[in-house]
Amino acid sequence: MDPEYASVKGRKRPQRPQRAHREVADELRARIRSGVLRPGQRMPTQARLAEEFGVERGTVRQALRILQSEQLLTNVSKGAPATVAVAAESAPTGPAAPPLPTTAALAPRIATAFAAEHVEIDAVCLTSVSLTLALGESLRRIHAGQLKPAKIDVRVLLPSRSITLAFPVPVGGRDGTGDPVHERWLAQRNAQGQVFRHNLLALRATHGIDVRVSFRALPFTPPVKLYLLNGEVALFAHYTPARREASADHENLETYDVQGIRSLLFAFERGDGPRDTAFVEQSHRWFDALWETISSELVLTG
C-alpha cells in the first residue's frame, strides 16, 4: 500500500466548538474523580490548561467555574490556580473497579505504566484525542521528577484518510462535492497525533529518554478502541454511534458520530484470572497482526 501523507494547514490552533468548555470540564472532572488530581492539590495554571487543551483561557475559566459550582474546586479566580476541593469524591481505579469513561480510566493507568523502566503503549482508536489528554498527568510527573522511564515505545493505529469512514458522517450522506465532516475529523486526527508525538519526543531533549512514536493507517473504521499497556493491561471500549449536531465550515450539520472520551473503558489485566490473561494476550496478537499486515504507513506532517 502507498504511504499516507497527511498535513494540517498552518500552525493555528484548530477552531473548537462552543461546547469546548464543557469538554474541558468533563476531562478535569474525570481526573478529580479518578484520583489523578487529589483533594487539596492545586490545579495547573489556566495558561497551562489552555495550552494543553488547545483553547482560550476564557474557555478554561468557564470549565473551572462549572467544577466550582459542583463543589469539586475552590478558589477559582483569574489569579492563583484553583484547588481541588477536599470533599471531592474519588473513583476506584484498581483491577476490580467498574468501567469508567475513557477520560477517567486512561490517565491513571498510563501514569502507572510510566512507572516502568520501559514503557510500551499500543493503541487502536479513531483519533488520539484520549491519548493526548491522558498523557498530561504522566508528563507532569516526569517533569516533577516523580517518574523517570528509560525508554518509551508507542504504536498507534488510526483510520486512513482515504477510506469511507463509517463515522463521523453526515446523516444525509455525502453529496459528492466534498465532505466537511470528514475534513474536520482528518484535521483533528492529524493535529492531535502531532501534539501527542511532539509531547513524547520532547522528553528526549529534556530528560534523555529514548522515545519512539509510530503511526500506521487502517483500511477500516475501528468499531472499538483498545489500549495495551506494557504487555500487562488491555483497556477496551466500544464506539457507539449516535445522531449528533456538529459544526463544519460555519454551518451546523446532523451527523452520526461517537463520543470517544466518554466511552466506558473496561480493564483486563494479565494474571487477574485466565479470561483476563487470555484477553490481554489475544488483544496483543490482534494488534500485531493489524500492524504487520493490512495497515500502511501514516506520516503526520505539519
# chains A, B, ... in the order shown; residues from 1 in each chain; ligands from 1
>>> closest_atom_pairs(of="segment 127-162 of chain A", to="segment 174-193 of chain A", cutoff="7 Å", atoms="only C-alpha atoms", output="CSV")
residue,atom,partner,partner_atom,distance
A:Thr127,CA,A:Arg189,CA,4.9
A:Ser128,CA,A:Gly193,CA,5.8
A:Val129,CA,A:Gln192,CA,5.8
A:Thr132,CA,A:Gln192,CA,6.8
A:Arg161,CA,A:Leu186,CA,6.7
>>> residues_around(residues="Pro39 of chain A", least_positions_apart="3", cutoff="6 Å", atoms="only C-alpha atoms", output="number ranges by chain")
A: 84-86
>>> select_by_dssp(residues="segment 65-296 of chain A", states="strand (DSSP E)", output="ChimeraX atom specification")
/A:73-74,83-84,100-101,118-124,151-159,169-170,210-218,224-229,233-238,242-248,251-257,264-269,296
>>> closest_residue(among="A:Leu147, A:Glu120, A:Gly172, A:Thr164", to="Val233 of chain A", atoms="only C-alpha atoms")
A:Glu120
>>> atom_distance(atom1="atom CA of Phe53 of chain A", atom2="atom CA of Tyr256 of chain A")
24.2 Å
>>> closest_residue(among="A:Leu133, A:Ala115, A:Ala267, A:Val169", to="Leu28 of chain A", atoms="only C-alpha atoms")
A:Leu133
>>> atom_distance(atom1="atom CA of Leu100 of chain A", atom2="atom CA of Ala134 of chain A")
13.5 Å
>>> atom_distance(atom1="atom CA of His284 of chain A", atom2="atom CA of Arg109 of chain A")
17.2 Å
>>> residues_around(residues="Asp210 of chain A", least_positions_apart="4", cutoff="10 Å", atoms="only C-alpha atoms", output="NGL selection string")
:A and (118 or 149-153 or 200-201 or 203-205)
>>> closest_residue(among="A:Thr277, A:Thr293, A:Gln194, A:Ser160", to="Leu131 of chain A", atoms="only C-alpha atoms")
A:Gln194
>>> closest_residue(among="A:Ala63, A:Ala123, A:Val55, A:Ala166", to="Pro219 of chain A", atoms="only C-alpha atoms")
A:Ala166
>>> select_by_dssp(residues="segment 108-268 of chain A", states="helix (DSSP H, G or I)", output="MDAnalysis selection string")
chainID A and resid 108:113 129:143 180:207 260:262
>>> write_last_selection(atoms="C-alpha atoms", output="PDB file, in the first residue's frame")
ATOM      1  CA  PRO A 108      -4.175   6.814  35.934  1.00  0.00           C
ATOM      2  CA  ARG A 109      -3.482   3.607  34.013  1.00  0.00           C
ATOM      3  CA  ILE A 110      -0.968   5.374  31.768  1.00  0.00           C
ATOM      4  CA  ALA A 111       0.645   7.006  34.810  1.00  0.00           C
ATOM      5  CA  THR A 112       1.065   3.547  36.322  1.00  0.00           C
ATOM      6  CA  ALA A 113       2.569   2.257  33.071  1.00  0.00           C
ATOM      7  CA  VAL A 129      -7.554  12.765  21.494  1.00  0.00           C
ATOM      8  CA  SER A 130      -7.985  10.495  24.531  1.00  0.00           C
ATOM      9  CA  LEU A 131      -4.315   9.512  24.478  1.00  0.00           C
ATOM     10  CA  THR A 132      -3.201  13.135  24.303  1.00  0.00           C
ATOM     11  CA  LEU A 133      -5.428  14.123  27.222  1.00  0.00           C
ATOM     12  CA  ALA A 134      -4.472  11.086  29.315  1.00  0.00           C
ATOM     13  CA  LEU A 135      -0.749  11.680  28.796  1.00  0.00           C
ATOM     14  CA  GLY A 136      -0.827  15.060  30.573  1.00  0.00           C
ATOM     15  CA  GLU A 137      -0.535  13.753  34.136  1.00  0.00           C
ATOM     16  CA  SER A 138       2.346  11.420  33.287  1.00  0.00           C
ATOM     17  CA  LEU A 139       4.247  14.248  31.606  1.00  0.00           C
ATOM     18  CA  ARG A 140       3.698  16.456  34.631  1.00  0.00           C
ATOM     19  CA  ARG A 141       5.070  13.771  36.934  1.00  0.00           C
ATOM     20  CA  ILE A 142       8.088  13.223  34.697  1.00  0.00           C
ATOM     21  CA  HIS A 143       8.888  16.936  34.734  1.00  0.00           C
ATOM     22  CA  PRO A 180     -16.634  18.868   5.668  1.00  0.00           C
ATOM     23  CA  VAL A 181     -17.297  16.273   8.371  1.00  0.00           C
ATOM     24  CA  HIS A 182     -14.513  14.070   7.024  1.00  0.00           C
ATOM     25  CA  GLU A 183     -12.180  17.058   6.704  1.00  0.00           C
ATOM     26  CA  ARG A 184     -12.859  18.101  10.276  1.00  0.00           C
ATOM     27  CA  TRP A 185     -12.139  14.564  11.505  1.00  0.00           C
ATOM     28  CA  LEU A 186      -8.939  14.439   9.436  1.00  0.00           C
ATOM     29  CA  ALA A 187      -7.727  17.780  10.803  1.00  0.00           C
ATOM     30  CA  GLN A 188      -8.401  16.581  14.348  1.00  0.00           C
ATOM     31  CA  ARG A 189      -6.695  13.236  13.716  1.00  0.00           C
ATOM     32  CA  ASN A 190      -3.606  14.964  12.339  1.00  0.00           C
ATOM     33  CA  ALA A 191      -3.408  17.761  14.911  1.00  0.00           C
ATOM     34  CA  GLN A 192      -3.900  15.508  17.933  1.00  0.00           C
ATOM     35  CA  GLY A 193      -1.427  12.979  16.553  1.00  0.00           C
ATOM     36  CA  GLN A 194       1.185  15.681  16.126  1.00  0.00           C
ATOM     37  CA  VAL A 195       0.635  17.052  19.627  1.00  0.00           C
ATOM     38  CA  PHE A 196       0.830  13.566  21.135  1.00  0.00           C
ATOM     39  CA  ARG A 197       4.032  12.752  19.236  1.00  0.00           C
ATOM     40  CA  HIS A 198       5.634  16.134  19.993  1.00  0.00           C
ATOM     41  CA  ASN A 199       4.919  15.889  23.732  1.00  0.00           C
ATOM     42  CA  LEU A 200       6.597  12.498  23.934  1.00  0.00           C
ATOM     43  CA  LEU A 201       9.547  13.199  21.640  1.00  0.00           C
ATOM     44  CA  ALA A 202      10.332  16.341  23.639  1.00  0.00           C
ATOM     45  CA  LEU A 203      11.344  14.036  26.515  1.00  0.00           C
ATOM     46  CA  ARG A 204      14.465  13.112  24.529  1.00  0.00           C
ATOM     47  CA  ALA A 205      15.854  16.617  24.875  1.00  0.00           C
ATOM     48  CA  THR A 206      14.539  17.434  28.339  1.00  0.00           C
ATOM     49  CA  HIS A 207      15.173  14.121  30.116  1.00  0.00           C
ATOM     50  CA  GLY A 260     -14.778   8.522  22.373  1.00  0.00           C
ATOM     51  CA  ILE A 261     -13.663  10.315  25.536  1.00  0.00           C
ATOM     52  CA  ARG A 262     -16.872   9.232  27.279  1.00  0.00           C
TER      53      ARG A 262
END
>>> closest_residue(among="A:Leu64, A:Leu106, A:Val211, A:Ile32", to="Lys225 of chain A", atoms="only C-alpha atoms")
A:Leu106
>>> decode(residues="segment 220-235 of chain A", atoms="N, CA and C atoms", output="compact mmCIF listing (two decimals), in the first residue's frame")
# COMPACT_ATOMS: atom_id res chain seq x y z
N PHE A 220 -9.94 0.56 7.56
CA PHE A 220 -11.33 0.48 8.01
C PHE A 220 -11.51 1.37 9.24
N THR A 221 -12.78 1.64 9.57
CA THR A 221 -13.11 2.42 10.77
C THR A 221 -13.19 1.47 11.95
N PRO A 222 -12.34 1.63 12.97
CA PRO A 222 -12.40 0.70 14.11
C PRO A 222 -13.71 0.88 14.89
N PRO A 223 -14.45 -0.20 15.13
CA PRO A 223 -15.69 -0.09 15.91
C PRO A 223 -15.44 -0.03 17.41
N VAL A 224 -14.19 -0.26 17.82
CA VAL A 224 -13.81 -0.23 19.23
C VAL A 224 -12.50 0.53 19.36
N LYS A 225 -12.19 0.92 20.59
CA LYS A 225 -10.87 1.47 20.89
C LYS A 225 -10.18 0.51 21.86
N LEU A 226 -8.87 0.40 21.71
CA LEU A 226 -8.10 -0.55 22.51
C LEU A 226 -6.77 0.08 22.88
N TYR A 227 -6.41 -0.01 24.16
CA TYR A 227 -5.12 0.45 24.64
C TYR A 227 -4.42 -0.71 25.34
N LEU A 228 -3.19 -0.98 24.96
CA LEU A 228 -2.40 -2.04 25.55
C LEU A 228 -1.19 -1.41 26.23
N LEU A 229 -1.03 -1.67 27.53
CA LEU A 229 -0.01 -1.00 28.34
C LEU A 229 0.98 -2.01 28.90
N ASN A 230 2.23 -1.89 28.46
CA ASN A 230 3.34 -2.68 28.98
C ASN A 230 3.11 -4.19 28.91
N GLY A 231 2.29 -4.62 27.98
CA GLY A 231 2.03 -6.05 27.83
C GLY A 231 1.25 -6.66 28.97
N GLU A 232 0.79 -5.84 29.90
CA GLU A 232 0.13 -6.35 31.10
C GLU A 232 -1.34 -5.98 31.20
N VAL A 233 -1.73 -4.87 30.59
CA VAL A 233 -3.09 -4.36 30.74
C VAL A 233 -3.69 -4.08 29.37
N ALA A 234 -4.95 -4.47 29.19
CA ALA A 234 -5.71 -4.12 27.99
C ALA A 234 -6.94 -3.34 28.43
N LEU A 235 -7.13 -2.17 27.82
CA LEU A 235 -8.28 -1.32 28.10
C LEU A 235 -9.12 -1.23 26.83
